[in-house]
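Enquirer: If it helps, the file is called my_file-v1.cif and holds mmCIF, C-alpha atoms and all ligand atoms:
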data_coords
loop_
_atom_site.label_atom_id
_atom_site.label_comp_id
_atom_site.auth_asym_id
_atom_site.auth_seq_id
_atom_site.Cartn_x
_atom_site.Cartn_y
_atom_site.Cartn_z
CA MET T 62 26.28 6.31 6.79
CA PHE T 63 29.78 4.93 6.96
CA GLU T 64 30.93 2.44 9.46
CA LYS T 65 33.59 4.13 11.60
CA LYS T 66 36.88 2.26 11.66
CA THR T 67 39.69 2.41 14.13
CA ARG T 68 43.19 1.59 13.06
CA LYS T 69 44.52 -1.81 13.96
CA GLU T 70 48.08 -2.70 13.07
CA ASP T 71 47.00 -5.53 10.78
CA ILE T 72 44.33 -3.55 8.95
CA LYS T 73 45.20 -1.67 5.80
CA MET T 74 44.29 1.98 5.67
CA ASP T 75 43.06 3.53 2.44
CA ILE T 76 43.43 7.27 2.61
CA LEU T 77 41.69 9.65 0.23
CA VAL T 78 43.90 12.70 -0.27
CA ILE T 79 42.10 15.83 -1.44
CA ASN T 80 43.69 19.02 -2.75
CA CYS T 81 40.96 21.51 -3.48
CA GLY T 82 41.34 24.66 -5.56
CA SER T 83 38.67 27.22 -6.37
CA SER T 84 37.50 25.35 -9.49
CA SER T 85 39.43 22.09 -9.25
CA LEU T 86 39.79 19.09 -6.97
CA LYS T 87 42.83 16.81 -7.19
CA TYR T 88 42.58 13.45 -5.48
CA GLN T 89 44.49 10.26 -4.81
CA VAL T 90 43.68 7.10 -2.91
CA ILE T 91 46.78 5.80 -1.17
CA ASN T 92 47.12 2.60 0.78
CA SER T 93 49.09 3.64 3.82
CA ASP T 94 50.68 0.25 4.47
CA THR T 95 52.05 -0.37 0.98
CA GLU T 96 52.21 3.40 0.24
CA LYS T 97 50.91 2.54 -3.24
CA VAL T 98 48.60 4.88 -5.13
CA LEU T 99 45.41 2.94 -5.94
CA ALA T 100 43.90 5.65 -8.12
CA LYS T 101 44.26 9.33 -8.82
CA GLY T 102 42.66 12.09 -10.79
CA ILE T 103 41.31 15.58 -10.96
CA CYS T 104 37.97 17.35 -11.32
CA GLU T 105 38.29 20.53 -13.35
CA ARG T 106 35.94 23.37 -14.33
CA ILE T 107 33.83 22.94 -11.19
CA GLY T 108 31.09 25.58 -11.30
CA ALA T 109 31.51 26.01 -15.07
CA GLY T 110 30.61 22.60 -16.47
CA GLY T 111 32.79 19.87 -15.05
CA VAL T 112 35.36 17.30 -16.18
CA LEU T 113 36.45 14.27 -14.18
CA LYS T 114 39.76 12.60 -14.97
CA TYR T 115 40.33 9.28 -13.28
CA ARG T 116 43.21 6.83 -13.54
CA PRO T 117 43.29 3.55 -11.62
CA ALA T 118 46.76 2.16 -10.86
CA GLY T 119 48.09 0.42 -13.96
CA GLY T 120 45.09 1.51 -16.03
CA GLU T 121 44.29 4.08 -18.68
CA GLU T 122 43.09 7.57 -17.89
CA GLU T 123 39.33 7.96 -18.18
CA VAL T 124 37.79 11.36 -18.91
CA TYR T 125 34.12 12.19 -18.24
CA ASP T 126 32.06 15.33 -18.72
CA TYR T 127 29.83 15.66 -15.68
CA ASP T 128 27.71 18.48 -14.38
CA MET T 129 29.54 19.84 -11.33
CA PRO T 130 27.84 23.02 -10.13
CA THR T 131 29.71 22.74 -6.80
CA HIS T 132 32.49 20.74 -5.14
CA THR T 133 29.86 18.52 -3.50
CA GLU T 134 28.93 17.02 -6.90
CA ALA T 135 32.63 16.70 -7.74
CA VAL T 136 33.26 14.67 -4.56
CA LYS T 137 30.27 12.43 -5.40
CA PHE T 138 31.62 11.73 -8.90
CA VAL T 139 35.09 11.01 -7.50
CA LEU T 140 33.61 8.48 -5.06
CA ASP T 141 31.47 6.90 -7.79
CA SER T 142 34.54 6.41 -9.97
CA LEU T 143 36.43 4.79 -7.09
CA VAL T 144 33.75 2.09 -6.62
CA ASN T 145 32.47 1.67 -10.18
CA GLU T 146 32.22 -1.97 -11.24
CA LYS T 147 34.65 -1.89 -14.16
CA THR T 148 37.62 0.24 -13.12
CA GLY T 149 36.92 1.14 -9.48
CA VAL T 150 39.66 0.32 -6.99
CA LEU T 151 37.52 0.02 -3.85
CA LYS T 152 34.87 -2.59 -3.05
CA SER T 153 32.78 -0.05 -1.22
CA LEU T 154 33.13 3.48 0.05
CA SER T 155 33.50 2.22 3.58
CA ASP T 156 36.97 1.11 2.48
CA ILE T 157 38.03 4.75 2.79
CA ASP T 158 39.37 5.01 6.31
CA ALA T 159 40.13 8.72 6.37
CA VAL T 160 40.45 11.81 4.20
CA GLY T 161 43.57 13.98 4.27
CA HIS T 162 42.90 17.54 3.13
CA ARG T 163 45.63 19.87 1.96
CA ILE T 164 45.06 23.26 3.56
CA VAL T 165 47.23 26.09 2.31
CA HIS T 166 47.35 28.60 5.17
CA GLY T 167 47.25 27.71 8.84
CA GLY T 168 48.57 31.10 10.03
CA GLU T 169 50.05 30.92 13.51
CA ALA T 170 47.23 28.67 14.71
CA PHE T 171 48.54 25.36 13.35
CA ASN T 172 52.02 23.92 13.65
CA LYS T 173 51.07 20.39 12.67
CA ALA T 174 48.40 18.33 10.94
CA ILE T 175 45.17 18.04 12.94
CA LEU T 176 41.87 16.15 13.08
CA ILE T 177 39.26 18.46 11.53
CA THR T 178 36.52 19.63 13.88
CA GLU T 179 34.17 22.61 13.70
CA ASP T 180 36.66 24.59 15.83
CA VAL T 181 39.45 23.76 13.39
CA ILE T 182 37.34 24.91 10.44
CA LYS T 183 36.62 28.17 12.28
CA ALA T 184 40.32 28.71 12.92
CA VAL T 185 41.11 28.01 9.24
CA GLU T 186 38.42 30.51 8.24
CA GLU T 187 40.17 33.08 10.41
CA CYS T 188 43.22 32.64 8.15
CA ASN T 189 41.17 33.37 5.00
CA ASP T 190 42.46 36.94 4.79
CA LEU T 191 46.01 35.58 4.63
CA ALA T 192 45.20 33.26 1.69
CA PRO T 193 42.02 34.57 0.05
CA LEU T 194 42.44 32.46 -3.09
CA HIS T 195 43.26 29.17 -1.41
CA ASN T 196 41.76 28.73 2.07
CA PRO T 197 38.09 29.27 1.13
CA ALA T 198 38.47 26.59 -1.57
CA ASN T 199 40.09 24.20 0.92
CA ILE T 200 37.15 24.69 3.31
CA ILE T 201 34.66 24.09 0.50
CA GLY T 202 36.44 20.78 -0.17
CA ILE T 203 36.22 19.78 3.49
CA ARG T 204 32.51 20.68 3.68
CA ALA T 205 31.77 18.78 0.47
CA CYS T 206 33.49 15.64 1.82
CA GLN T 207 31.73 15.94 5.18
CA LYS T 208 28.40 16.08 3.36
CA VAL T 209 29.08 13.06 1.17
CA MET T 210 31.10 11.02 3.68
CA PRO T 211 29.63 11.72 7.12
CA GLY T 212 31.45 9.98 9.95
CA ILE T 213 34.75 9.49 8.12
CA PRO T 214 37.64 11.14 9.98
CA MET T 215 39.14 14.11 8.15
CA VAL T 216 42.60 15.49 8.76
CA GLY T 217 43.89 18.94 7.78
CA VAL T 218 47.50 19.09 6.57
CA PHE T 219 48.82 22.63 6.29
CA ASP T 220 51.38 23.97 3.80
CA THR T 221 52.52 26.46 6.42
CA ALA T 222 52.83 24.10 9.42
CA PHE T 223 56.35 22.80 8.72
CA HIS T 224 57.65 26.37 8.86
CA ALA T 225 56.18 27.05 12.30
CA THR T 226 59.68 26.42 13.68
CA MET T 227 61.15 29.45 11.87
CA PRO T 228 62.79 31.82 14.35
CA LYS T 229 61.52 35.38 14.70
CA LYS T 230 64.59 36.76 12.94
CA ALA T 231 63.53 34.82 9.83
CA TYR T 232 59.82 35.54 9.89
CA LEU T 233 59.57 39.20 10.92
CA TYR T 234 59.30 41.79 8.16
CA GLY T 235 61.11 45.11 8.56
CA ILE T 236 57.84 46.97 9.10
CA PRO T 237 56.24 48.58 12.19
CA ASN T 238 55.70 45.85 14.78
CA GLU T 239 52.02 46.72 15.29
CA TYR T 240 51.26 45.05 11.94
CA TYR T 241 52.67 41.82 13.28
CA LYS T 242 51.10 42.15 16.72
CA LYS T 243 47.64 43.21 15.54
CA ASP T 244 47.37 41.65 12.11
CA LYS T 245 49.89 38.77 12.18
CA LEU T 246 51.62 40.14 9.09
CA ARG T 247 54.77 38.04 8.96
CA ARG T 248 56.47 35.48 6.79
CA TYR T 249 54.85 32.01 6.92
CA GLY T 250 56.20 29.98 4.01
CA PHE T 251 54.50 27.26 1.95
CA HIS T 252 55.19 23.87 0.31
CA GLY T 253 55.76 22.54 3.85
CA THR T 254 54.70 18.96 3.06
CA SER T 255 57.19 18.83 0.20
CA HIS T 256 60.07 20.43 2.12
CA SER T 257 59.47 18.06 5.03
CA PHE T 258 59.24 14.96 2.79
CA VAL T 259 62.33 15.80 0.73
CA SER T 260 64.52 16.93 3.63
CA LYS T 261 63.86 13.64 5.47
CA LYS T 262 64.84 11.71 2.35
CA ALA T 263 67.96 13.86 1.89
CA ALA T 264 69.18 13.13 5.41
CA GLU T 265 68.67 9.41 4.79
CA LEU T 266 70.62 9.59 1.53
CA VAL T 267 73.65 11.25 3.15
CA GLY T 268 73.43 8.85 6.11
CA LYS T 269 72.83 11.49 8.79
CA PRO T 270 70.19 11.48 11.51
CA TYR T 271 67.44 13.93 10.50
CA ASP T 272 67.91 15.94 13.67
CA LYS T 273 71.59 16.45 12.92
CA CYS T 274 71.42 17.29 9.23
CA ARG T 275 71.45 20.68 7.48
CA THR T 276 69.51 20.51 4.21
CA ILE T 277 68.50 23.04 1.58
CA VAL T 278 65.46 21.94 -0.41
CA CYS T 279 64.76 23.68 -3.73
CA HIS T 280 61.11 22.97 -4.61
CA LEU T 281 61.06 24.26 -8.19
CA GLY T 282 57.59 23.83 -9.65
CA ASN T 283 55.25 26.34 -11.21
CA GLY T 284 55.18 27.77 -7.71
CA ALA T 285 58.68 27.58 -6.27
CA SER T 286 60.29 27.95 -2.87
CA ILE T 287 63.50 27.10 -1.07
CA CYS T 288 63.76 25.96 2.52
CA ALA T 289 66.63 25.73 4.98
CA VAL T 290 66.07 22.69 7.23
CA GLU T 291 68.44 22.62 10.19
CA ASN T 292 68.37 19.57 12.45
CA GLY T 293 64.92 18.54 11.22
CA LYS T 294 63.37 22.00 11.53
CA SER T 295 62.55 24.63 8.95
CA VAL T 296 64.60 27.70 9.92
CA ASP T 297 63.93 29.81 6.83
CA THR T 298 62.04 29.65 3.56
CA SER T 299 61.69 31.92 0.58
CA MET T 300 57.90 32.40 0.41
CA GLY T 301 56.41 34.85 2.89
CA LEU T 302 52.99 36.05 3.98
CA SER T 303 51.80 34.73 0.64
CA PRO T 304 53.41 32.54 -2.05
CA LEU T 305 54.37 35.70 -4.00
CA GLU T 306 57.66 36.30 -2.17
CA GLY T 307 61.00 34.74 -3.00
CA LEU T 308 62.04 33.03 -6.21
CA ILE T 309 61.06 34.02 -9.71
CA MET T 310 58.33 31.48 -10.55
CA GLY T 311 56.19 30.38 -13.51
CA THR T 312 53.95 33.44 -13.36
CA ARG T 313 54.89 35.07 -10.02
CA SER T 314 57.51 37.78 -9.75
CA GLY T 315 58.98 36.68 -6.42
CA ASP T 316 60.95 39.34 -4.49
CA ILE T 317 60.32 42.83 -5.77
CA ASP T 318 60.84 46.41 -4.61
CA PRO T 319 57.34 47.60 -3.56
CA SER T 320 58.08 50.84 -5.41
CA VAL T 321 57.59 48.88 -8.64
CA ILE T 322 53.97 48.32 -7.56
CA GLN T 323 53.50 52.03 -6.94
CA TYR T 324 55.07 52.89 -10.29
CA ILE T 325 52.92 50.48 -12.33
CA ALA T 326 49.76 51.60 -10.50
CA ASN T 327 50.48 55.30 -11.11
CA HIS T 328 51.78 55.08 -14.67
CA TYR T 329 49.31 52.56 -16.02
CA ASN T 330 46.30 53.68 -14.00
CA LYS T 331 45.88 50.31 -12.28
CA SER T 332 44.40 49.54 -8.89
CA LEU T 333 46.51 47.90 -6.22
CA ASN T 334 44.64 44.63 -6.73
CA GLU T 335 45.25 44.75 -10.47
CA VAL T 336 48.99 45.18 -9.96
CA ILE T 337 49.10 42.30 -7.46
CA THR T 338 47.28 40.16 -10.05
CA ILE T 339 49.95 41.13 -12.62
CA LEU T 340 52.65 40.09 -10.13
CA ASN T 341 50.89 36.77 -9.42
CA LYS T 342 49.67 35.77 -12.86
CA GLU T 343 51.51 37.66 -15.60
CA SER T 344 55.02 37.93 -14.23
CA GLY T 345 57.75 35.38 -13.46
CA VAL T 346 59.29 33.56 -16.40
CA LEU T 347 56.05 34.00 -18.38
CA GLY T 348 56.24 37.79 -18.25
CA MET T 349 60.01 37.96 -18.52
CA SER T 350 60.35 35.66 -21.51
CA GLY T 351 57.12 36.60 -23.25
CA ILE T 352 57.03 32.94 -24.30
CA SER T 353 55.43 30.71 -21.70
CA SER T 354 55.33 29.87 -18.02
CA ASP T 355 56.42 26.34 -18.91
CA PHE T 356 60.16 25.76 -18.63
CA ARG T 357 60.08 23.27 -21.49
CA ASP T 358 59.10 26.05 -23.91
CA ILE T 359 61.63 28.54 -22.53
CA THR T 360 64.46 26.00 -22.51
CA LYS T 361 63.67 25.08 -26.13
CA ALA T 362 63.67 28.76 -27.13
CA MET T 363 67.02 29.25 -25.39
CA GLN T 364 68.46 26.27 -27.29
CA GLU T 365 67.23 27.87 -30.52
CA GLY T 366 69.12 31.06 -29.69
CA ASP T 367 66.38 33.25 -28.19
CA GLU T 368 68.30 35.84 -26.13
CA GLN T 369 65.38 36.81 -23.89
CA ALA T 370 64.72 33.15 -23.05
CA LYS T 371 68.39 32.84 -22.07
CA ALA T 372 68.26 36.00 -19.94
CA THR T 373 65.10 34.71 -18.23
CA LEU T 374 66.61 31.36 -17.33
CA GLU T 375 69.80 33.05 -16.13
CA ALA T 376 67.82 35.39 -13.88
CA TYR T 377 65.81 32.43 -12.58
CA CYS T 378 68.91 30.39 -11.73
CA TYR T 379 70.74 33.39 -10.27
CA ARG T 380 67.88 33.95 -7.80
CA VAL T 381 67.84 30.25 -6.82
CA ALA T 382 71.62 30.26 -6.30
CA LYS T 383 71.47 33.46 -4.21
CA TYR T 384 68.91 31.88 -1.90
CA ILE T 385 70.96 28.70 -1.54
CA GLY T 386 74.00 30.85 -0.71
CA SER T 387 72.10 32.82 1.91
CA TYR T 388 70.77 29.63 3.52
CA ILE T 389 74.26 28.15 3.71
CA THR T 390 75.12 31.24 5.74
CA ALA T 391 71.92 30.98 7.82
CA MET T 392 72.85 27.43 8.89
CA HIS T 393 76.62 28.04 9.12
CA GLY T 394 77.08 25.40 6.44
CA VAL T 395 75.08 22.71 4.68
CA ASP T 396 75.25 18.91 4.44
CA VAL T 397 73.07 18.35 1.37
CA VAL T 398 71.13 20.29 -1.26
CA ALA T 399 68.08 18.77 -2.99
CA PHE T 400 66.20 19.71 -6.17
CA THR T 401 62.58 18.64 -6.44
CA ALA T 402 59.18 19.27 -8.16
CA GLY T 403 58.43 19.76 -11.87
CA ILE T 404 61.53 21.74 -12.82
CA GLY T 405 63.87 20.22 -10.22
CA GLU T 406 62.98 16.74 -11.48
CA ASN T 407 62.74 17.59 -15.19
CA ASN T 408 65.26 20.21 -16.21
CA SER T 409 68.94 19.36 -16.30
CA TYR T 410 69.89 22.87 -17.52
CA ILE T 411 68.42 24.59 -14.49
CA ARG T 412 70.04 22.06 -12.11
CA LYS T 413 73.43 22.51 -13.77
CA PHE T 414 73.32 26.34 -13.96
CA VAL T 415 72.38 26.56 -10.28
CA THR T 416 74.83 23.93 -9.02
CA GLU T 417 77.77 25.47 -10.90
CA TYR T 418 77.50 28.65 -8.80
CA PHE T 419 78.95 26.63 -5.91
CA ASP T 420 82.19 25.64 -7.65
CA PHE T 421 84.00 28.02 -5.28
CA LEU T 422 82.95 25.73 -2.40
CA GLY T 423 84.30 22.65 -4.18
CA VAL T 424 80.96 21.52 -5.67
CA LYS T 425 81.31 19.57 -8.93
CA VAL T 426 78.41 18.58 -11.20
CA ASP T 427 78.40 14.95 -12.33
CA GLU T 428 77.53 15.68 -15.97
CA LYS T 429 76.47 12.12 -16.72
CA ALA T 430 74.25 11.73 -13.68
CA ASN T 431 72.62 15.11 -14.30
CA GLU T 432 72.24 14.63 -18.06
CA PRO T 433 68.71 13.14 -18.27
CA MET T 434 66.08 15.89 -18.28
CA HIS T 435 63.68 13.66 -16.35
CA ILE T 436 64.98 12.03 -13.17
CA SER T 437 62.40 9.86 -11.44
CA ASP T 438 64.48 8.32 -8.64
CA ASP T 439 66.62 9.82 -5.90
CA THR T 440 69.85 10.65 -7.74
CA LEU T 441 73.17 12.22 -6.74
CA ILE T 442 74.04 14.78 -9.44
CA THR T 443 77.42 15.87 -8.04
CA THR T 444 80.65 13.86 -8.16
CA SER T 445 81.77 11.66 -5.28
CA ASP T 446 84.53 14.17 -4.38
CA SER T 447 82.17 17.16 -4.47
CA LYS T 448 82.37 19.02 -1.14
CA ILE T 449 78.57 19.31 -0.91
CA PRO T 450 76.29 16.62 -2.38
CA PHE T 451 73.42 17.88 -4.58
CA TYR T 452 70.58 15.42 -5.21
CA VAL T 453 67.41 15.19 -7.24
CA ILE T 454 64.75 13.84 -4.87
CA PRO T 455 61.27 13.49 -6.41
CA THR T 456 58.70 14.96 -4.06
CA ASP T 457 55.43 13.26 -3.18
CA GLU T 458 53.11 15.70 -1.45
CA GLU T 459 50.12 13.35 -1.55
CA LEU T 460 52.04 10.54 0.13
CA SER T 461 53.27 13.01 2.73
CA ILE T 462 49.64 14.08 3.37
CA ALA T 463 48.55 10.42 3.62
CA ARG T 464 51.35 9.67 6.12
CA GLN T 465 50.49 12.69 8.23
CA THR T 466 46.81 11.72 8.15
CA VAL T 467 47.63 8.26 9.52
CA ASP T 468 49.93 9.79 12.17
CA VAL T 469 47.12 12.07 13.37
CA LEU T 470 44.66 9.15 13.54
CA ASP T 471 47.22 7.04 15.43
CA GLY T 472 47.82 9.94 17.82
CA ASN T 473 44.06 10.26 18.42
CA LYS T 474 43.46 6.60 19.17
P1 LIG T 501 52.94 22.94 -9.87
O1 LIG T 501 52.65 21.62 -9.18
O2 LIG T 501 53.46 24.01 -8.96
O3 LIG T 501 51.82 23.42 -10.75
P2 LIG T 501 55.00 21.46 -11.29
O4 LIG T 501 55.76 20.92 -10.13
O5 LIG T 501 54.20 20.50 -12.10
O6 LIG T 501 54.14 22.72 -10.89
O7 LIG T 501 56.06 22.16 -12.24
C1 LIG T 501 55.71 22.77 -13.47
C2 LIG T 501 56.97 22.96 -14.31
O8 LIG T 501 57.71 21.74 -14.32
C3 LIG T 501 56.71 23.32 -15.76
O9 LIG T 501 57.34 24.55 -16.04
C4 LIG T 501 57.35 22.23 -16.59
O10 LIG T 501 58.30 22.76 -17.46
C5 LIG T 501 58.05 21.35 -15.63
N1 LIG T 501 57.62 19.94 -15.81
C6 LIG T 501 56.68 19.30 -15.11
N2 LIG T 501 56.55 18.02 -15.54
C7 LIG T 501 57.42 17.87 -16.56
C8 LIG T 501 57.76 16.79 -17.43
N3 LIG T 501 57.18 15.60 -17.32
N4 LIG T 501 58.71 17.01 -18.36
C9 LIG T 501 59.32 18.21 -18.46
N5 LIG T 501 59.05 19.27 -17.68
C10 LIG T 501 58.11 19.11 -16.74
#
Turn this file's structure into structure tokens for me.
Expert:
Amino acid sequence: MFEKKTRKEDIKMDILVINCGSSSLKYQVINSDTEKVLAKGICERIGAGGVLKYRPAGGEEEVYDYDMPTHTEAVKFVLDSLVNEKTGVLKSLSDIDAVGHRIVHGGEAFNKAILITEDVIKAVEECNDLAPLHNPANIIGIRACQKVMPGIPMVGVFDTAFHATMPKKAYLYGIPNEYYKKDKLRRYGFHGTSHSFVSKKAAELVGKPYDKCRTIVCHLGNGASICAVENGKSVDTSMGLSPLEGLIMGTRSGDIDPSVIQYIANHYNKSLNEVITILNKESGVLGMSGISSDFRDITKAMQEGDEQAKATLEAYCYRVAKYIGSYITAMHGVDVVAFTAGIGENNSYIRKFVTEYFDFLGVKVDEKANEPMHISDDTLITTSDSKIPFYVIPTDEELSIARQTVDVLDGNK
């Protein structure tokens, strides 16, 4: 059994952040006072073998083949690695003060992070239909941690919560209202921890109070979404009921006329579920380019003269620019635009193509500042006389989860 700790101002808090997928478990241990990552890693192939990757701060990555029939074994191996004599970063497991769990879908039930209780787990389970691939895995992760770490406080941090402030006009679909009233079919949005983290940073960088700043955050990773943050609140975002809506992504189609679904089903004799799988896993830049879902490969092909790679990247950037344009309208203006996540932080072509759409508003790309593919610090990529500043702001979803976990514990003292 663990000794239960309460937070005192002079005591450091080590937070274990867990992001559980159906066959994977990503983790980090973050010291909340220094905000330093002590160790991080991932368990992969859970249920089909098992691989643990572990990297202590400043050390080499270690890779182990372990038998992980379920997430419970994975959590045990993670904890063992954190306290092992040679490369462990904790003296004992009681050094872990709390666990922050990423939970994908909180439906309308959760508008902020919350201490996990049985009632909370029940309410998350009620959202399973809204995120059938993600929420059950998140709950498995919580259960596994509860089993291995009884008594340690656990906090749920929801991808959807930041968007709970969206007004009805942004979240209602143009469908019969009974589907919203009875079934809660509406737009929810995702990547909330990232949009919240980056928009706060953006306001700081332009020297405006968060509650008086209009920010557009472009989270461009394998999954991608854009968010309009007006005066500290999400007022619109491009993902919807599920992460399939919005931008063209690595393998997801983003916005699509539903008639395309009907056509593919009828002409290729596919079930509805099969077509949705095509739209989630075989579409996006992977399907369009026929090359890869990884922007490094598509950018390289474009540089080598591949016309379809060029068309794919143009379509991708066009969609991003259209969303930025619509969110400028939604907020009657914008104070700062931020690029973040894998592509936002690592692809100067995409940043440049998108930013150049706004030349008509007096936006000018700073070619030198934007030139490096990889930008690891907050960086202004428009010129000082540009009418709207565009930044690269590296996201840190795990740190955001750790901060929210500490806030919840402080609030529950
Ligand atoms: P997710 O977390 O949604 O799986 P990421 O934020 O890691 O996705 O983004 C994946 C994309 O970002 C890939 O298409 C890849 O091209 C790009 N990317 C990520 N890391 C790098 C890197 N170090 N160098 C170049 N491109 C990168």
Enquirer: Please identify all polymer residues within 7 Å of range 262-276 of chain T, counting all atoms listed in the file, omitting same-chain residues fewer than 3 positions from it, and present them as a ChimeraX atom specification.
Expert: /T:258-259,289-293,395-399
Enquirer: Please identify every polymer residue within 6 Å of ligand LIG 501 (chain T), using all atoms listed in the file, and present the set as a list of chain:residue names.
Expert: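 Based on all atoms listed in the file, ligand LIG 501 (chain T) is surrounded within 6 Å by T:Gly282, T:Asn283, T:Gly284, T:Asp355, T:Phe356, T:Arg357, T:Ala402, T:Gly403, T:Ile404, T:Asn407.
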Enquirer: Counting all atoms listed in the file, figure out which residue out of T:Leu113, T:Ile389, T:Met74, T:Ala463 gets nearest to Val296 in chain T.
Expert: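 For Val296 in chain T, the nearest of the candidates is T:Ile389.
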Enquirer: Which residue gives the smallest distance to Val415 in chain T among T:Ser255, T:Cys378, T:Thr401, T:Ile337, with all atoms listed in the file counted?
Expert: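 The closest residue to Val415 in chain T is T:Cys378.
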Enquirer: What does the distance from CA of Gly307 in chain T to CA of Arg248 in chain T come to in Å, to one decimal?
Expert: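 If I compute the distance from CA of Gly307 in chain T to CA of Arg248 in chain T, I get 10.8 Å.
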Enquirer: Please indicate the distance in Å from CA of Pro214 in chain T to CA of Ala135 in chain T, rounded to one decimal place.
Expert: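 Answer for the CA of Pro214 in chain T to CA of Ala135 in chain T separation: 19.2 Å.
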Enquirer: Looking at T:Glu406, T:Glu169, T:Asp128, T:Glu134, which one is nearest to Ile201 in chain T, with distances taken over only C-alpha atoms?
Expert: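 Ranked by minimum distance to Ile201 in chain T, first place goes to T:Glu134.
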Enquirer: Between CA of Glu96 in chain T and CA of Ser409 in chain T, what is the distance, to one decimal in Å?
Expert: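 So the answer is 28.4 Å.
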Enquirer: May I ask which of the residues T:Ser85, T:Cys279, T:Pro450, T:Pro117 is the closest one to Asn145 in chain T, counting all atoms listed in the file?
Expert: T:Pro117
Enquirer: Taking only C-alpha atoms into account, name the residue in T:Arg204, T:Lys183, T:His162, T:Arg247 that is nearest to Gly217 in chain T.
Expert: T:His162
Enquirer: Neighbours of Thr373 in chain T within 6 Å (all atoms listed in the file; same-chain residues fewer than 3 positions away dropped), as a list in words?
Expert: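 Contacts, in chain order: Ser350, Ala370 and Ala376 of chain T.
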Enquirer: Env of Leu143 in chain T: 12 Å cut, atoms = all atoms listed in the file, seq-sep filter 2 positions within chain, self excluded. Answer as a ChimeraX atom specification.
Expert: /T:75,77,88-91,99-102,113-118,123,136-141,145-157
Enquirer: Fewer than 2 positions away in the same chain doesn't count, so skip those; otherwise give me all residues within 10 Å of Lys448 in chain T, counting all atoms listed in the file, as an mmCIF file with C-alpha atoms, in the frame of the given file.
Expert:
data_model
loop_
_atom_site.group_PDB
_atom_site.id
_atom_site.type_symbol
_atom_site.label_atom_id
_atom_site.label_comp_id
_atom_site.auth_asym_id
_atom_site.auth_seq_id
_atom_site.Cartn_x
_atom_site.Cartn_y
_atom_site.Cartn_z
ATOM 1 C CA ASP T 396 75.250 18.910 4.440
ATOM 2 C CA VAL T 397 73.070 18.350 1.370
ATOM 3 C CA PHE T 419 78.950 26.630 -5.910
ATOM 4 C CA ASP T 420 82.190 25.640 -7.650
ATOM 5 C CA LEU T 422 82.950 25.730 -2.400
ATOM 6 C CA GLY T 423 84.300 22.650 -4.180
ATOM 7 C CA VAL T 424 80.960 21.520 -5.670
ATOM 8 C CA LYS T 425 81.310 19.570 -8.930
ATOM 9 C CA THR T 443 77.420 15.870 -8.040
ATOM 10 C CA THR T 444 80.650 13.860 -8.160
ATOM 11 C CA SER T 445 81.770 11.660 -5.280
ATOM 12 C CA ASP T 446 84.530 14.170 -4.380
ATOM 13 C CA PRO T 450 76.290 16.620 -2.380
ATOM 14 C CA PHE T 451 73.420 17.880 -4.580
#
